[in-house]
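Here the structure comes first, spelled out in structure tokens, and everything after it is commentary.
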Amino acid sequence: MRNKGIIIGLTVIVSALCAYFLFFTYVSRGVQDKAVAYATQNGKVNETMRQHYLDSVWRAPVFGPYTYRDVRQSELGLGLDLKGGMHVTLEVSPVEIVRAMSGNSKDPAFNKALATAVERQKTNSSTPFTALFAQAWRENANGKKLASIFANTTNKSRGIDINSSDEKVIAAIDKEEEEAIDRSFDILRTRVDKFGVNQPSIQRVKGTGRLQIELPGVDNPDRVRKLLSGQAKLEFWEVWSQNEVIPYIAQLDNSLKAKEDLAKAGGATVTAPDAATDTTATAAAGDSTSNSLAAQLAKKDTSATAKADSATAKGGPLSRLFTMPGSLGVNVRDTSRMNSLLRSEEARATLPPNLALLWSAKPVTIEKQEYLRLIPVKKDRNGAAAPLSGEVVSDARQDYDQGGRPEVSVGMNPAGSRKWQKMTAANIGKQVAIVLDDYVYSDPVVQSEIAGGNTSISGNFTIEEAQDLAQVLKAGKLPAPTRIVEEAVVGPSLGQEAISQGLYSSLAGVVLIMIFMAVYYGRAGLVADVALLFNMFLILGVLAQFGTALTLPGIAGLILVIGSSVDANVLIFERIREELNHGLGLHDAIAKGYDRAFTAIFDSNVTTMLIAVILGFFGTGPVQNFAITLGIGVLTSFLSAVFVSRLIIEWLTKGKETSSITFSTFLSRNLFQNVNFDIVGKRKIAYIGSTLFIVAGFVLMAIQGGPNLGVDFKGGRSYVVDFNKPMVASDVREGISDAFQDAGLEVKQYGSPTRLRVTTGYLAEDESPEADAKVRAALDQGLAKYASANPQVPSASKVGATIADDIKRTSVLSLGLTLLGIFIYVLFRFEKWQYSMAAVVALFHDALLVIAAFPIARAFGLNYEMDQIFVAAVLTVIGFSMNDTVVIYDRIREYLRENPKLTFAQVVNPALNSTFSRTMITFTTVFLVMLVLYIFGGETLRSFSFAMIIGIIFGTYSSLFIATPIILDTYGKKELRERAAAGEDISTLSGDAPKLNTAASV
């Protein structure tokens, strides 16, 4: 094997990295176990205590220099479906952006164009809103230019004036909409941090104005909806000086210390987690708290000695928490404790009502410790609004001062300019706070009275910080409301059940494959098993490196990769067996087996990777996670099967002409040997059989009222309901239907007799929180009839009608692009369009067969939905079928190259028969894996595994009876006609080959 040293080095490096990241997962699980042990009381886990423990060690070292935060960022996380939590897709409303840029114009044509664009977007979700608005404007404006609406003072900085063309105005709106989405992203990212959950995720959905947010472990969905959908609140506040606020804080510190001393005198103790560095355990009485606190805040020394002095300073709990020298700053790990103290009764009684302590948005790093400052802002005693709010900001951008240092330039409208001048005049030499959603992003000192509304905010900014602050300031200028268009809530109990199901199905699938390979290939099969385990190790390690959470669809992808990765070893071992049967020595047979199998393995992996890329690009949520796992699995499978297994086998046979390693057992030695079926002779029967099956399926689908689409494709809301006794789905449907006003309603058993899934189209077009509450109230009203069965709702999901249309569109697009990509790749590899055409026809045939199987199964009582996971299954079936087809095509090409006088018609049956053993072994392994997934994988993946089982059967069938025979009926007959025209006797060229030159190949 060439470049063996490079391959070994690469394998060692990748393995070391995977082990490194997976070890972080082990450390993280250990910390979480300690948190559970700390929070367990009387056999029950107190979630507040568990979270307090995790917060206390968040910035504390838990392994060498690595903090728990470092460990969590590098571990293999679990998705919501395995852990519980909430998934939300938000859409930024472009309507409000356009309306705000117009200065809330009352022009009838403008408002009619807006309303028309809103209606049209419901049925044209893939078309940008601005394009629909521009079209509607042209229809209603009677030739009037958009500049007449948008040429105002606010838009002057965007280059819009009264002479601007409509195209320029639309381009400016597009740019502002893009910036508004970015601002919403920044705002929501800050809000997400408020939930205190581990590994929150927020990302933009490519090509849309949507943001996807995942919050593992949240237990208050209503709070999530409120915080995520609320408007950004930008405010400017005056700030108390530190000298003004210290007496109040010192008084509060004394009160808290007195309470602490009283608790100790009464025998109570203050405890903290062992791993935490909570300094409250070192409480001591003595010196004046005021003096101690003032001394601490005056400290500028950040040396280790100074920090030790601070830690042992006598005083109350506040003075022990304010550890940031020279400021009201708290170590990040102690913020939860500080919040608790500031919410205490003593704080409410001591602090003045016009004093609000707000956290800074970003931490400050001093001596490798991170601190968050508390900024004391002056609020009105009556709770009035801020002196100045974000609506007055007309523009904000990152700029540079005269010294070349980054600063932020701010412009305000006339009303805001007057208020700002008055506010700055009253606070010269003092600070003002710029606050977004109650977080202070900057608190600059006012140098002089500012007139005209043009302000420069300077400070020790980096360019990125100045850009962030400019984004914050602009956030209040153009409110961009967000609405929840997709939502899923998974309860912890349902997540734990999913973990068990996924684990059992994975282990059972791996064990079955390993047993099969050992039984069929003997000791070579054991080598394949080692490569398989190594492949699993690599997949999990790479997932951890990229911070990808493992989900149920991800487990499905993992199991599929495990089954499919065996295919590469099967191809190699079958080749080696063929070479050994033709008399080659052991070393030559091994070398030739690996070399000749390489092209087929490479081609099949490329087609599977093509599907993974398309799914990853167009899919969302579970489909995207499946695609990521599948794509990583393709790469690691190629490394482990082609290179790692070869290294092991060559090491075992090094220097030996004979070896104890075997490539068959007594059970498999003669199995599938000398197969000679007339496969292409049965092609017309196959054509007729497939046609009848597809027609029967689609006729049944029409009789059943159309395809059984999931919420993903039709929109609506779905709830999983648990009862304490078995329930009949049809009876429950009848009992709750009145509550949903006879809207589309489906109730079916979901995994067990005590669990039902309720899906409804009631208010599907209304995506507002009010509609969500109304539908849930209807469900509760219906379930009230079954109160004796104690109905509980551990999981809920919502898909808006707009996003459902997008999912349908992207699903069809994914299928089309997959077939197109495969057509191009096969044409490139096999150089004849007939090969590409036959492959695409066979794959489209496979997709139709799988779709037709669902209504046929439904007629027999197996009622499975077609959803996003179903689409992933169909595309995966296409990949599996294409692998089979490519292997057969590769063998045909090989035969034709080595027997140039023979025709396609003569080599097609021998090629199909010579690859028959590989086809059946691969079918068996993947089928076993999918069968295990169907039995043990849980209801969530039932539709996926059913589609895969049907697809594997039909995919294997089509590779033999559809794909290659179509080439015979197109290119093969054309070849015979051309040879007949050249004067050859085609009667000798249309049957089986009289003798193939197979000594060097098969």
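Here's how to read the names in the structure tokens: chain A, B, ... by the order shown, residue numbers from 1 in each chain, ligand numbers from 1 in the order shown.
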
(request) Run DSSP on the backbone of this structure and report the residues of region 732-952 of chain A it assigns to helix (DSSP H, G or I), as a ChimeraX atom specification. (result) /A:732-740,769-789,801-830,833-859,868-898,904-914,916-936,939-952

(request) Give me the residues within 10 Å of Leu639 (chain A) as a ChimeraX atom specification, counting only C-alpha atoms and dropping any in the same chain fewer than 5 places off. (result) /A:7,10-11,531,534-535,538,633-634,644-645

(message) Residues within 10 Å of Thr89 (chain A), please, as a PyMOL selection string. Count only C-alpha atoms; anything in the same chain fewer than 6 positions from it doesn't count.
(response) chain A and resi 202-205+210-214+482-488+621+798-800+803

(message) So that I can check the surroundings of Arg829 (chain A), please list as a ChimeraX atom specification every protein, DNA and RNA residue that reaches within 12 Å of it, counting only C-alpha atoms and ignoring chain neighbours fewer than 5 positions away.
(response) /A:599-600,602-604,606-607,822-824,835-836,886,889-890,893

(request) Give me the residues within 12 Å of Ile921 (chain A) as a PyMOL selection string, counting only C-alpha atoms and dropping any in the same chain fewer than 6 places off. (result) chain A and resi 513+516-517+520-521+563-564+566-571+573-574+668+671-672+884+915+927-928+956

(message) Give me, as a list in words, the residues of region 781-862 of chain A that a backbone DSSP run labels strand (DSSP E).
(response)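 Taking region 781-862 of chain A and keeping strand (DSSP E) only, one gets Gln792, Val793, Pro794, Ser795, Ala796, Ser797, Lys798 and Val799 of chain A.
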
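As for CA of Leu763 (chain A) and CA of Lys714 (chain A), they are spaced 12.3 Å apart.
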
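The closest residue to Asn676 (chain A), picked from A:Ala911, A:Ser184, A:Ser637, A:Met837 and counting only C-alpha atoms, is A:Ala911.
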
(request) For Arg120 (chain A), list every protein, DNA or RNA residue within 10 Å, evaluated using only C-alpha atoms, and leave out those in the same chain fewer than 3 positions away; present the list as number ranges by chain. (result) A: 114-117, 123-125, 127, 129, 132-133, 136

(request) Might you pull out every residue within 12 Å of Val95 (chain A), with only C-alpha atoms counted and same-chain residues fewer than 3 positions away left off, and present them as an NGL selection string? (result) :A and (91-92 or 98-102 or 104 or 110-111 or 113-119 or 121 or 128-130 or 132-133 or 173-174 or 177 or 180 or 209 or 478-482)

(request) Figure out the distance between CA of His52 (chain A) and CA of Val245 (chain A), please, to one decimal in Å. (result)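 Atom-to-atom, CA of Val245 (chain A) to CA of His52 (chain A), that is 28.4 Å.
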
(request) Give me, please, the distance in Å between CA of Arg858 (chain A) and CA of Ala696 (chain A), quoted to one decimal. (result) 12.5 Å

(request) Find the residue from A:Val720, A:Ile13, A:Ile539, A:Ala641 that sits nearest to Ser565 (chain A); use only C-alpha atoms when measuring. (result)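 That would be A:Ala641, the residue with the smallest distance to Ser565 (chain A).
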